[in-house]
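S.K.: Below you'll find run-v7.txt; it's compact mmCIF, C-alpha atoms.
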```txt
# COMPACT_ATOMS: atom_id res chain seq x y z
CA MET A 1 0.76 28.44 47.74
CA ASN A 2 -2.42 26.78 49.13
CA GLY A 3 -5.50 26.06 47.11
CA SER A 4 -8.93 27.31 48.16
CA ARG A 5 -12.46 26.02 47.90
CA LEU A 6 -16.07 26.71 48.73
CA MET A 7 -16.84 24.62 51.82
CA GLY A 8 -20.51 25.42 52.34
CA ILE A 9 -23.31 27.83 51.49
CA GLY A 10 -26.25 29.05 53.58
CA THR A 11 -29.12 31.46 53.03
CA TYR A 12 -31.88 33.36 54.74
CA ARG A 13 -35.09 34.30 52.93
CA PRO A 14 -37.44 36.74 54.71
CA ALA A 15 -40.84 35.31 55.64
CA ARG A 16 -43.04 37.85 53.87
CA LEU A 17 -43.86 37.05 50.23
CA VAL A 18 -45.04 39.92 48.01
CA THR A 19 -46.68 39.17 44.65
CA ASN A 20 -46.97 41.37 41.57
CA ASP A 21 -50.69 41.66 42.26
CA ASP A 22 -49.86 43.04 45.72
CA LEU A 23 -47.74 45.77 44.08
CA ALA A 24 -50.43 46.47 41.49
CA LYS A 25 -52.67 47.65 44.35
CA ARG A 26 -50.28 50.56 44.93
CA VAL A 27 -48.73 51.39 41.53
CA ALA A 28 -50.07 51.14 37.97
CA THR A 29 -48.67 47.79 36.88
CA SER A 30 -49.81 44.21 36.33
CA ASP A 31 -48.55 40.69 36.87
CA GLU A 32 -48.29 40.19 33.10
CA TRP A 33 -46.29 43.41 32.58
CA VAL A 34 -43.82 42.67 35.39
CA ARG A 35 -43.29 39.05 34.33
CA SER A 36 -42.74 39.91 30.67
CA ARG A 37 -40.23 42.73 31.41
CA THR A 38 -38.36 41.14 34.32
CA GLY A 39 -39.39 37.51 34.83
CA ILE A 40 -40.19 38.32 38.46
CA ALA A 41 -43.33 36.71 39.93
CA THR A 42 -42.74 37.15 43.66
CA ARG A 43 -40.17 38.65 46.00
CA ARG A 44 -39.39 38.49 49.73
CA ILE A 45 -39.57 41.68 51.77
CA ALA A 46 -37.99 41.77 55.23
CA ASP A 47 -39.84 42.65 58.41
CA THR A 48 -38.32 45.19 60.83
CA ASP A 49 -36.59 42.49 62.89
CA GLU A 50 -35.07 40.87 59.80
CA THR A 51 -32.12 43.26 59.79
CA ILE A 52 -28.92 43.00 57.74
CA VAL A 53 -27.18 41.65 60.85
CA ALA A 54 -29.98 39.19 61.71
CA MET A 55 -30.42 37.85 58.18
CA GLY A 56 -26.68 37.75 57.52
CA SER A 57 -26.04 35.88 60.79
CA MET A 58 -28.72 33.29 60.09
CA ALA A 59 -27.39 32.64 56.58
CA ALA A 60 -23.86 32.44 58.02
CA GLU A 61 -24.84 29.87 60.65
CA LYS A 62 -26.19 27.61 57.91
CA ALA A 63 -23.05 28.07 55.82
CA LEU A 64 -20.85 27.21 58.82
CA ALA A 65 -22.95 24.10 59.51
CA ALA A 66 -22.68 23.06 55.84
CA ALA A 67 -18.92 23.59 55.96
CA GLY A 68 -18.63 21.70 59.23
CA ILE A 69 -16.65 24.38 61.04
CA ASP A 70 -17.21 26.47 64.13
CA ALA A 71 -17.42 30.28 64.09
CA ALA A 72 -14.40 30.39 66.41
CA GLU A 73 -12.33 28.91 63.57
CA LEU A 74 -13.02 31.89 61.29
CA ASP A 75 -10.11 34.23 60.58
CA ILE A 76 -12.11 36.95 58.88
CA VAL A 77 -15.72 37.90 58.11
CA LEU A 78 -16.35 39.82 54.88
CA LEU A 79 -19.84 41.30 54.56
CA ALA A 80 -20.95 42.41 51.11
CA THR A 81 -23.83 44.86 51.35
CA CYS A 82 -24.93 48.17 49.88
CA THR A 83 -28.03 48.61 52.03
CA ASN A 84 -26.77 49.13 55.57
CA PRO A 85 -29.24 51.24 57.59
CA SER A 86 -26.52 53.90 57.90
CA GLN A 87 -22.90 54.42 56.91
CA ILE A 88 -21.65 54.04 60.46
CA PRO A 89 -21.24 51.44 61.88
CA GLY A 90 -20.72 48.68 59.34
CA SER A 91 -22.61 45.43 59.95
CA GLY A 92 -19.79 42.92 59.37
CA PRO A 93 -18.36 43.20 62.90
CA GLN A 94 -21.85 42.82 64.40
CA ILE A 95 -22.38 39.62 62.42
CA ALA A 96 -18.98 38.32 63.56
CA HIS A 97 -19.94 39.18 67.16
CA ARG A 98 -23.31 37.49 66.94
CA LEU A 99 -21.78 34.34 65.46
CA GLY A 100 -19.05 34.12 68.10
CA ALA A 101 -16.26 34.57 65.57
CA VAL A 102 -14.05 35.65 68.45
CA ARG A 103 -10.72 35.80 66.68
CA ALA A 104 -11.87 36.99 63.27
CA GLY A 105 -11.29 40.30 61.56
CA ALA A 106 -14.52 41.81 60.20
CA LEU A 107 -15.44 44.45 57.66
CA ASP A 108 -18.00 45.54 55.07
CA ILE A 109 -17.50 45.69 51.30
CA ASN A 110 -19.76 47.76 49.04
CA ALA A 111 -19.59 46.69 45.42
CA GLY A 112 -23.32 46.83 44.81
CA CYS A 113 -24.72 43.71 43.21
CA ALA A 114 -21.19 42.45 42.44
CA GLY A 115 -20.29 42.39 46.15
CA PHE A 116 -20.50 38.63 46.66
CA SER A 117 -18.21 37.81 43.73
CA TYR A 118 -15.67 40.44 44.80
CA ALA A 119 -15.70 39.23 48.43
CA LEU A 120 -15.40 35.61 47.31
CA SER A 121 -12.36 36.48 45.22
CA MET A 122 -10.72 38.28 48.15
CA ALA A 123 -11.55 35.37 50.46
CA SER A 124 -9.99 32.88 48.07
CA ASP A 125 -6.83 34.97 47.71
CA MET A 126 -6.52 35.33 51.51
CA VAL A 127 -6.70 31.57 51.94
CA ARG A 128 -4.26 30.96 49.10
CA VAL A 129 -1.53 33.27 50.42
CA GLY A 130 -2.16 32.12 53.98
CA SER A 131 -3.32 35.33 55.66
CA ALA A 132 -6.47 33.41 56.61
CA ARG A 133 -7.41 29.75 56.83
CA HIS A 134 -11.18 30.08 56.97
CA VAL A 135 -13.06 33.07 55.60
CA LEU A 136 -16.78 33.74 55.94
CA VAL A 137 -18.32 35.68 53.08
CA VAL A 138 -21.76 37.08 53.87
CA ALA A 139 -24.03 39.02 51.51
CA ALA A 140 -27.07 40.58 53.13
CA GLU A 141 -29.40 43.22 51.71
CA ARG A 142 -32.55 45.15 52.61
CA LEU A 143 -33.26 46.97 49.36
CA SER A 144 -36.79 47.56 50.64
CA ASP A 145 -35.38 50.23 53.00
CA TYR A 146 -34.39 52.28 49.94
CA THR A 147 -37.32 51.42 47.66
CA ASP A 148 -39.62 54.14 46.32
CA TRP A 149 -42.90 52.24 46.55
CA ASP A 150 -44.48 54.78 44.19
CA ASP A 151 -41.88 54.24 41.41
CA ARG A 152 -43.30 51.43 39.32
CA SER A 153 -40.08 51.03 37.33
CA THR A 154 -38.03 50.00 40.38
CA CYS A 155 -40.36 48.85 43.19
CA ILE A 156 -41.24 45.76 41.15
CA LEU A 157 -37.58 44.69 41.11
CA LEU A 158 -36.16 45.16 44.58
CA ALA A 159 -36.14 42.63 47.39
CA ASP A 160 -34.40 41.45 50.57
CA GLY A 161 -32.43 38.42 51.72
CA ALA A 162 -29.05 37.04 52.68
CA GLY A 163 -26.58 34.37 51.64
CA ALA A 164 -23.23 33.23 52.98
CA ALA A 165 -20.33 31.00 52.02
CA VAL A 166 -17.34 29.58 53.87
CA VAL A 167 -14.04 29.51 51.99
CA GLY A 168 -11.22 27.28 53.23
CA PRO A 169 -7.98 25.61 52.17
CA ALA A 170 -7.78 22.83 49.57
CA PRO A 171 -5.07 20.90 47.71
CA THR A 172 -6.02 22.69 44.47
CA THR A 173 -7.73 26.01 43.80
CA GLU A 174 -11.41 25.45 43.17
CA ILE A 175 -12.28 29.15 43.06
CA GLY A 176 -11.14 30.36 39.66
CA PRO A 177 -9.39 33.65 38.85
CA ALA A 178 -11.73 36.64 39.00
CA VAL A 179 -12.49 38.89 36.07
CA TRP A 180 -13.47 42.33 37.19
CA GLY A 181 -13.86 45.86 35.94
CA HIS A 182 -15.97 48.97 36.20
CA ASP A 183 -17.70 51.72 34.29
CA GLY A 184 -17.57 54.39 36.97
CA GLY A 185 -18.50 56.93 34.30
CA LYS A 186 -22.02 55.51 34.50
CA ALA A 187 -22.20 55.84 38.31
CA GLY A 188 -25.51 57.71 38.09
CA ALA A 189 -27.27 54.84 36.33
CA ILE A 190 -27.94 53.04 39.65
CA ARG A 191 -27.99 55.29 42.68
CA VAL A 192 -29.34 56.32 46.05
CA PRO A 193 -28.50 60.04 45.91
CA GLY A 194 -28.04 60.51 49.68
CA TYR A 195 -27.94 63.85 51.55
CA GLY A 196 -31.58 63.46 52.50
CA ASP A 197 -32.76 61.59 49.40
CA ASN A 198 -32.57 57.92 50.31
CA LEU A 199 -34.59 56.39 47.50
CA PHE A 200 -33.19 54.00 44.89
CA ARG A 201 -33.15 55.23 41.27
CA MET A 202 -32.12 53.41 38.12
CA GLU A 203 -31.76 54.20 34.41
CA GLY A 204 -33.08 50.80 33.42
CA GLN A 205 -32.28 50.81 29.72
CA THR A 206 -28.72 52.08 30.26
CA VAL A 207 -28.06 49.33 32.80
CA PHE A 208 -29.69 46.68 30.62
CA ARG A 209 -27.52 47.65 27.68
CA TRP A 210 -24.36 47.67 29.80
CA ALA A 211 -25.17 44.26 31.27
CA ILE A 212 -25.96 42.44 28.03
CA THR A 213 -22.73 43.69 26.45
CA LEU A 214 -20.59 42.13 29.22
CA THR A 215 -20.59 38.72 27.50
CA PRO A 216 -16.93 38.87 26.33
CA THR A 217 -15.92 39.45 29.98
CA VAL A 218 -18.01 36.53 31.15
CA ARG A 219 -16.37 34.31 28.54
CA ARG A 220 -12.99 35.50 29.82
CA ALA A 221 -13.81 34.16 33.32
CA CYS A 222 -14.32 30.73 31.74
CA GLU A 223 -11.10 31.05 29.78
CA LEU A 224 -9.07 31.94 32.89
CA ALA A 225 -10.50 28.92 34.71
CA GLY A 226 -9.75 26.64 31.76
CA VAL A 227 -13.42 25.70 31.39
CA ALA A 228 -15.19 26.09 28.04
CA PRO A 229 -18.67 27.69 28.31
CA ALA A 230 -20.23 24.47 27.02
CA GLU A 231 -18.54 22.57 29.87
CA LEU A 232 -20.18 24.72 32.57
CA ALA A 233 -22.58 22.70 34.72
CA GLY A 234 -24.21 25.83 36.08
CA VAL A 235 -24.45 29.56 35.40
CA ILE A 236 -25.41 31.84 38.28
CA PRO A 237 -25.47 35.47 37.16
CA HIS A 238 -26.62 38.21 39.50
CA GLN A 239 -30.40 37.89 39.60
CA ALA A 240 -31.38 41.31 38.27
CA ASN A 241 -33.73 40.49 35.46
CA LEU A 242 -34.50 37.24 33.64
CA ARG A 243 -33.96 38.90 30.28
CA ILE A 244 -30.39 39.91 31.20
CA ILE A 245 -29.75 36.39 32.48
CA ASP A 246 -31.04 34.82 29.25
CA ALA A 247 -29.07 37.25 27.08
CA LEU A 248 -25.82 36.53 28.97
CA VAL A 249 -26.28 32.77 28.95
CA THR A 250 -27.08 32.72 25.22
CA GLY A 251 -24.27 35.20 24.52
CA ILE A 252 -21.56 33.05 26.14
CA GLY A 253 -22.87 29.75 24.73
CA ALA A 254 -23.39 27.93 28.04
CA THR A 255 -25.45 25.31 26.26
CA ASN A 256 -25.28 22.53 28.85
CA ALA A 257 -25.60 24.51 32.07
CA VAL A 258 -28.32 24.67 34.67
CA VAL A 259 -29.16 28.38 34.71
CA ALA A 260 -30.15 30.12 37.95
CA ARG A 261 -33.56 31.75 37.66
CA ASP A 262 -34.17 32.49 41.33
CA VAL A 263 -35.09 36.07 40.31
CA VAL A 264 -38.54 34.69 39.38
CA GLU A 265 -39.29 33.88 43.00
CA SER A 266 -36.91 36.17 44.87
CA GLY A 267 -36.61 39.42 42.85
CA ASN A 268 -33.37 41.40 42.85
CA THR A 269 -31.57 41.06 46.19
CA SER A 270 -28.36 42.78 45.03
CA ALA A 271 -25.23 41.18 46.52
CA ALA A 272 -27.29 38.41 48.14
CA SER A 273 -28.72 37.16 44.85
CA ILE A 274 -25.84 34.89 43.77
CA PRO A 275 -25.60 32.84 46.98
CA LEU A 276 -29.41 32.70 47.21
CA ALA A 277 -29.65 31.42 43.63
CA PHE A 278 -26.68 29.07 44.07
CA SER A 279 -28.25 27.56 47.17
CA ARG A 280 -31.58 27.00 45.43
CA ILE A 281 -29.88 25.03 42.65
CA LEU A 282 -27.82 23.00 45.12
CA ASP A 283 -30.93 22.24 47.19
CA GLY A 284 -32.67 21.10 44.02
CA GLY A 285 -29.96 18.49 43.51
CA GLN A 286 -29.18 19.77 40.03
CA LEU A 287 -25.41 20.06 40.59
CA ARG A 288 -22.85 17.66 42.02
CA PRO A 289 -19.81 18.46 44.16
CA GLY A 290 -16.93 19.50 41.92
CA ASP A 291 -19.13 20.70 39.06
CA PRO A 292 -17.86 23.93 37.43
CA VAL A 293 -20.25 26.84 37.94
CA LEU A 294 -19.91 30.38 36.68
CA LEU A 295 -20.77 33.23 39.06
CA PHE A 296 -21.08 36.75 37.67
CA GLY A 297 -22.11 39.84 39.63
CA PHE A 298 -22.78 43.24 38.06
CA GLY A 299 -24.52 46.42 39.15
CA ALA A 300 -24.22 49.69 41.03
CA GLY A 301 -20.89 51.43 40.56
CA LEU A 302 -21.13 50.43 37.84
CA THR A 303 -18.90 47.49 38.64
CA TYR A 304 -18.68 43.79 37.90
CA CYS A 305 -16.83 40.66 39.03
CA GLY A 306 -17.11 36.99 38.15
CA GLN A 307 -15.37 33.66 38.46
CA VAL A 308 -15.80 29.94 37.82
CA VAL A 309 -16.02 27.92 41.05
CA ARG A 310 -16.37 24.23 41.86
CA CYS A 311 -19.54 23.22 43.69
CA PRO A 312 -19.13 22.41 47.37
CA MET B 1 -24.73 49.05 2.26
CA SER B 2 -28.07 49.54 0.51
CA GLN B 3 -31.30 50.38 2.30
CA SER B 4 -32.80 47.03 1.37
CA ASP B 5 -29.78 45.13 2.76
CA ILE B 6 -30.08 47.03 6.06
CA LEU B 7 -33.83 46.40 6.18
CA GLU B 8 -33.26 42.69 5.64
CA GLY B 9 -30.59 42.61 8.36
CA LEU B 10 -32.86 44.44 10.80
CA ALA B 11 -35.70 42.03 10.06
CA ALA B 12 -33.43 39.09 10.92
CA ILE B 13 -32.43 40.75 14.21
CA LEU B 14 -36.06 41.55 15.08
CA GLU B 15 -37.04 37.95 14.42
CA GLU B 16 -34.28 36.61 16.64
CA VAL B 17 -34.65 39.09 19.51
CA ALA B 18 -38.38 39.70 19.61
CA GLY B 19 -39.96 37.00 17.46
CA VAL B 20 -41.20 39.48 14.85
CA ASP B 21 -42.27 37.96 11.51
CA PRO B 22 -39.78 39.29 8.90
CA ALA B 23 -42.68 39.85 6.48
CA ASP B 24 -44.08 42.48 8.89
CA VAL B 25 -40.86 44.51 8.89
CA THR B 26 -41.34 47.41 6.47
CA ALA B 27 -39.96 50.96 6.61
CA ASP B 28 -43.23 52.56 7.76
CA LYS B 29 -43.73 50.29 10.82
CA THR B 30 -43.09 51.66 14.32
CA PHE B 31 -41.10 49.38 16.61
CA ILE B 32 -43.23 49.82 19.70
CA ASP B 33 -46.81 50.11 18.46
CA ASP B 34 -46.77 48.19 15.17
CA LEU B 35 -44.16 45.50 15.85
CA ASP B 36 -44.81 45.22 19.61
CA VAL B 37 -41.10 45.53 20.51
CA ASP B 38 -40.80 46.60 24.16
CA SER B 39 -38.12 48.96 25.48
CA LEU B 40 -35.73 46.19 26.59
CA SER B 41 -36.06 44.30 23.31
CA MET B 42 -35.34 47.60 21.56
CA VAL B 43 -32.05 47.78 23.50
CA GLU B 44 -31.20 44.24 22.37
CA VAL B 45 -32.04 45.15 18.76
CA VAL B 46 -29.75 48.19 18.96
CA VAL B 47 -26.86 46.18 20.45
CA ALA B 48 -27.25 43.49 17.78
CA ALA B 49 -27.48 46.12 15.03
CA GLU B 50 -24.30 47.80 16.23
CA GLU B 51 -22.47 44.50 15.90
CA LYS B 52 -24.03 43.45 12.60
CA PHE B 53 -23.60 46.78 10.80
CA ASP B 54 -20.44 47.92 12.64
CA VAL B 55 -21.94 51.26 13.71
CA LYS B 56 -22.41 53.11 17.02
CA ILE B 57 -25.95 53.97 18.14
CA PRO B 58 -25.73 55.90 21.44
CA ASP B 59 -28.59 55.75 23.99
CA GLU B 60 -29.62 59.34 23.32
CA ASP B 61 -30.18 58.57 19.63
CA VAL B 62 -32.20 55.40 20.22
CA LYS B 63 -35.24 57.44 21.33
CA SER B 64 -35.44 59.12 17.91
CA LEU B 65 -35.66 55.77 16.10
CA LYS B 66 -39.45 55.38 16.03
CA THR B 67 -39.89 53.48 12.78
CA VAL B 68 -37.93 50.79 10.95
CA GLY B 69 -37.25 53.43 8.26
CA ASP B 70 -35.71 55.77 10.89
CA ALA B 71 -33.34 52.98 11.92
CA VAL B 72 -32.42 52.09 8.33
CA SER B 73 -31.54 55.72 7.53
CA TYR B 74 -29.62 56.12 10.79
CA ILE B 75 -27.56 52.98 10.19
CA GLN B 76 -26.87 53.98 6.58
CA ARG B 77 -25.65 57.45 7.64
CA ALA B 78 -23.62 56.07 10.58
CA GLY B 79 -22.07 53.45 8.29
CA VAL B 80 -20.96 56.11 5.81
CA ALA B 81 -19.56 58.29 8.61
CA ALA B 82 -17.57 55.33 9.99
```
Please re-express this file's structure in structure tokens.

M.R.:
Amino acid sequence: MNGSRLMGIGTYRPARLVTNDDLAKRVATSDEWVRSRTGIATRRIADTDETIVAMGSMAAEKALAAAGIDAAELDIVLLATCTNPSQIPGSGPQIAHRLGAVRAGALDINAGCAGFSYALSMASDMVRVGSARHVLVVAAERLSDYTDWDDRSTCILLADGAGAAVVGPAPTTEIGPAVWGHDGGKAGAIRVPGYGDNLFRMEGQTVFRWAITLTPTVRRACELAGVAPAELAGVIPHQANLRIIDALVTGIGATNAVVARDVVESGNTSAASIPLAFSRILDGGQLRPGDPVLLFGFGAGLTYCGQVVRCP
Amino acid sequence: MSQSDILEGLAAILEEVAGVDPADVTADKTFIDDLDVDSLSMVEVVVAAEEKFDVKIPDEDVKSLKTVGDAVSYIQRAGVAA
């Protein structure tokens, strides 16, 4: 069997920056309250032309450039998103079309905020068994389309953006085994009801409690990869809330890792948050190629997936 | 486990999770108003208390735990039941 590796990462951040003070003009909140409960200071909100397809394609072009391959070399495009403008059509094929991925398969995956980690795991497995040589994983979200701007408990969290990664063959497997699972019994804790009600709702405390008790699972991802938590060079959890991130990092004992805190500047971008946060750390020069980094996505479903990967 | 042991254990959790001075933790204090523990810290306190005292405190019961004394009694009863 082949190995697989991350070849390159790219991102797209919408131009418009929205501060907590901006939100406080519409709902009863304050910069101090939002920062202390969530860590979030600013977030990016997409304009009408910054669609899932547009943002996803731009992030993908950067990932392809970083990987040094052409779109025509892609065998499949996996788009992780839970905020398509409608159920039909999916956006993955449109991204593949826009990129010129002429011989690639293309589809969408909805695993909420865990979508990137799930898609990355599938991409790695495809490369390893040989059903694909190069896989493009895109995560693109417009949570602002589903935001209730009068709900102060959720509008402070949600944001937009896109990230992408190219997965290709390698002598050894640099994308570690995935740990995954679900608590579908708590499906209602994060939801857009649908059938005419298209606004995001969340039972914040239920989700917070679920997330901070996932630490044994996160440790298991390290165990499967043969990397002790203290050996991790980086930890990139889904960027939902700084307090969840801190609780998870402390809980697993990742004492020497650079911890992604992109949520402070970017808010919660669902599936896009892990590649966005990963890219920010790589751009900051805080990790070297080959460094072990833990990724862990969790959210709507409820569902989660994580793995230890080697830096591109 | 005695009430004073549980109180002491809760004080240690509150100090670690929310930076509350253990000397301030007495049975009559409310978590939110007196000890300034916000709703997310309260969730962390509950999760830590479940582990420390080997009890289950479901979400729907957390709302009824207004004071430290409420929590001590709840944990003592839950511990006996388990």

S.K.: Provide as a PyMOL selection string the residues of chain B at most 10 Å from chain A, counting all atoms listed in the file.

M.R.: chain B and resi 17+38-44+46-48+59

S.K.: For region 26-35 of chain B, list every protein, DNA or RNA residue within 6 Å, evaluated using all atoms listed in the file, and leave out those in the same chain fewer than 4 positions away; present the list as a ChimeraX atom specification.

M.R.: /B:66-69

S.K.: Nearest to Asp197 (chain A) among A:Asp183, A:Glu174, A:Asp108, A:Asp148, with distances taken over only C-alpha atoms: which residue is it?

M.R.: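 Of the candidates, the smallest distance to Asp197 (chain A) is held by A:Asp148.
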
S.K.: Select, from B:Leu65, B:Ala18, B:Val45, B:Val55, the residue with the minimum atom-to-atom distance to Met1 (chain B), counting all atoms listed in the file.

M.R.: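 So, comparing all the options, the nearest one is B:Val55.
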
S.K.: At what distance in Å, to one decimal, does CA of Thr217 (chain A) lie from CA of Pro171 (chain A)?

M.R.: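 CA of Thr217 (chain A) lies at a distance of 27.9 Å from CA of Pro171 (chain A).
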
S.K.: Which of these residues is nearest to Ala46 (chain A), using all atoms listed in the file: A:Ala15, A:Val258, A:Ala72, A:Ala123?

M.R.: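 Smallest separation from Ala46 (chain A) among the options: A:Ala15.
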
S.K.: Separation of CA of Leu10 (chain B) and CA of Ile245 (chain A), in Å?

M.R.: 23.3 Å

S.K.: How big is the axis-aligned box around all listed atoms of region 53-58 of chain B once 8 Å goes on each side, and where's its centre, in Å to one decimal, as AutoDock Vina command-line options?

M.R.:
```
--center_x -23.2 --center_y 51.3 --center_z 16.1 --size_x 21.5 --size_y 25.1 --size_z 26.6
```

S.K.: So the first atom is CA of Ala221 (chain A) and the second is CA of Val309 (chain A); what is the distance between them in Å, to one decimal place?

M.R.: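 Between CA of Ala221 (chain A) and CA of Val309 (chain A) the gap works out to 10.2 Å.
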
S.K.: Around the point (-21.6, 28.1, 35.8) in the file's coordinates, collect all residues with an atom within 10 Å, using all atoms listed in the file, and return them as JSON, numbers by chain.

M.R.: {"A": [222, 227, 229, 230, 231, 232, 233, 234, 235, 236, 237, 249, 254, 256, 257, 258, 259, 260, 278, 291, 292, 293, 294, 295, 296, 307, 308, 309, 310, 311]}

S.K.: Just want the 12 Å neighbourhood of Ala12 (chain B), counted on all atoms listed in the file, with same-chain residues fewer than 3 positions away dropped. Output as a list of chain:residue names.

M.R.: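 Non-adjacent residues within range: B:Asp5, B:Ile6, B:Leu7, B:Glu8, B:Gly9, B:Glu15, B:Glu16, B:Val17, B:Ala18, B:Gly19, B:Val20, B:Asp21, B:Pro22, B:Ala23, B:Asp24, B:Val25, B:Val45, B:Ala48, B:Ala49, B:Lys52.
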
S.K.: Counting all atoms listed in the file, figure out which residue out of A:Ala300, A:Leu248, A:Ser91, A:Thr147 gets nearest to His182 (chain A).

M.R.: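 Checking each candidate against His182 (chain A), we get A:Ala300 as the closest.
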
S.K.: Quick one: residues within 6 Å of Asn268 (chain A), all atoms listed in the file counted, chain neighbours fewer than 5 positions away excluded, as an mmCIF file with C-alpha atoms, keeping the file's coordinate frame?

M.R.:
```
data_model
loop_
_atom_site.group_PDB
_atom_site.id
_atom_site.type_symbol
_atom_site.label_atom_id
_atom_site.label_comp_id
_atom_site.auth_asym_id
_atom_site.auth_seq_id
_atom_site.Cartn_x
_atom_site.Cartn_y
_atom_site.Cartn_z
ATOM 1 C CA LEU A 157 -37.580 44.690 41.110
ATOM 2 C CA LEU A 158 -36.160 45.160 44.580
ATOM 3 C CA ALA A 159 -36.140 42.630 47.390
ATOM 4 C CA GLN A 239 -30.400 37.890 39.600
ATOM 5 C CA ALA A 240 -31.380 41.310 38.270
#
```

S.K.: Identify which of the residues A:Thr29, A:Ser4, A:Ser144, A:Thr303 lies closest to Arg44 (chain A), counting only C-alpha atoms when measuring atom-to-atom distances.

M.R.: A:Ser144

S.K.: Generate N, CA and C atoms for region 1-13 of chain A and emit them as a PDB file, in the frame of the given file.

M.R.:
```pdb
ATOM      1  N   MET A   1       2.013  27.778  47.375  1.00  0.00           N
ATOM      2  CA  MET A   1       0.760  28.440  47.740  1.00  0.00           C
ATOM      3  C   MET A   1      -0.356  27.409  47.933  1.00  0.00           C
ATOM      4  N   ASN A   2      -1.272  27.670  48.899  1.00  0.00           N
ATOM      5  CA  ASN A   2      -2.420  26.780  49.130  1.00  0.00           C
ATOM      6  C   ASN A   2      -3.416  26.887  47.981  1.00  0.00           C
ATOM      7  N   GLY A   3      -4.300  25.911  47.924  1.00  0.00           N
ATOM      8  CA  GLY A   3      -5.500  26.060  47.110  1.00  0.00           C
ATOM      9  C   GLY A   3      -6.626  26.571  47.993  1.00  0.00           C
ATOM     10  N   SER A   4      -7.768  26.833  47.379  1.00  0.00           N
ATOM     11  CA  SER A   4      -8.930  27.310  48.160  1.00  0.00           C
ATOM     12  C   SER A   4     -10.189  26.690  47.567  1.00  0.00           C
ATOM     13  N   ARG A   5     -11.200  26.589  48.408  1.00  0.00           N
ATOM     14  CA  ARG A   5     -12.460  26.020  47.900  1.00  0.00           C
ATOM     15  C   ARG A   5     -13.649  26.558  48.687  1.00  0.00           C
ATOM     16  N   LEU A   6     -14.799  26.421  48.063  1.00  0.00           N
ATOM     17  CA  LEU A   6     -16.070  26.710  48.730  1.00  0.00           C
ATOM     18  C   LEU A   6     -16.393  25.518  49.615  1.00  0.00           C
ATOM     19  N   MET A   7     -16.569  25.747  50.914  1.00  0.00           N
ATOM     20  CA  MET A   7     -16.840  24.620  51.820  1.00  0.00           C
ATOM     21  C   MET A   7     -18.330  24.461  52.108  1.00  0.00           C
ATOM     22  N   GLY A   8     -19.078  25.523  52.042  1.00  0.00           N
ATOM     23  CA  GLY A   8     -20.510  25.420  52.340  1.00  0.00           C
ATOM     24  C   GLY A   8     -21.217  26.738  52.081  1.00  0.00           C
ATOM     25  N   ILE A   9     -22.489  26.644  51.782  1.00  0.00           N
ATOM     26  CA  ILE A   9     -23.310  27.830  51.490  1.00  0.00           C
ATOM     27  C   ILE A   9     -24.552  27.794  52.372  1.00  0.00           C
ATOM     28  N   GLY A  10     -25.006  28.959  52.807  1.00  0.00           N
ATOM     29  CA  GLY A  10     -26.250  29.050  53.580  1.00  0.00           C
ATOM     30  C   GLY A  10     -27.015  30.291  53.172  1.00  0.00           C
ATOM     31  N   THR A  11     -28.312  30.300  53.435  1.00  0.00           N
ATOM     32  CA  THR A  11     -29.120  31.460  53.030  1.00  0.00           C
ATOM     33  C   THR A  11     -30.163  31.796  54.090  1.00  0.00           C
ATOM     34  N   TYR A  12     -30.696  32.985  53.966  1.00  0.00           N
ATOM     35  CA  TYR A  12     -31.880  33.360  54.740  1.00  0.00           C
ATOM     36  C   TYR A  12     -32.835  34.123  53.820  1.00  0.00           C
ATOM     37  N   ARG A  13     -34.049  33.619  53.722  1.00  0.00           N
ATOM     38  CA  ARG A  13     -35.090  34.300  52.930  1.00  0.00           C
ATOM     39  C   ARG A  13     -36.135  34.854  53.886  1.00  0.00           C
TER      40      ARG A  13
END
```
